[in-house]
Amino acid sequence: MHRLKPRIPRPDIPVKPVFGIGHNGGPNFVSWQQFCWQKARKKAFEAPREVVLMRLRRAQALGMSYDQYVSILLDKGKVP
């Protein structure tokens, strides 16, 4: 009967992570969620010029910055 020898790690051979059955080896959920949030935030702040000017006027009337106004608008869907 042959005994298995423990594998000695070699720096020239990359070690592949071991995933469970059905896993495609893609990014973990945290990095994917962060990517989605960054993409959504970038898209939300990119608006047509007229919309940006309208939001800026409303933000100034409420005494807040444009970033604060858009953040509240995106979070709640409306500004109080």
# chains A, B, ... in the order shown; residues from 1 in each chain; ligands from 1
>>> residues_around(residues="region 46-56 of chain A", least_positions_apart="3", cutoff="8 Å", atoms="only C-alpha atoms", output="list in words")
Lys42, Lys43, Ala59, Gln60, Ser65, Tyr66, Tyr69 and Val70 of chain A
>>> atom_distance(atom1="CA of Ala44 (chain A)", atom2="CA of Gly63 (chain A)")
21.1 Å
>>> atom_distance(atom1="CA of Asp12 (chain A)", atom2="CA of Gly26 (chain A)")
23.6 Å
>>> atom_distance(atom1="CA of Asp67 (chain A)", atom2="CA of Lys39 (chain A)")
16.2 Å
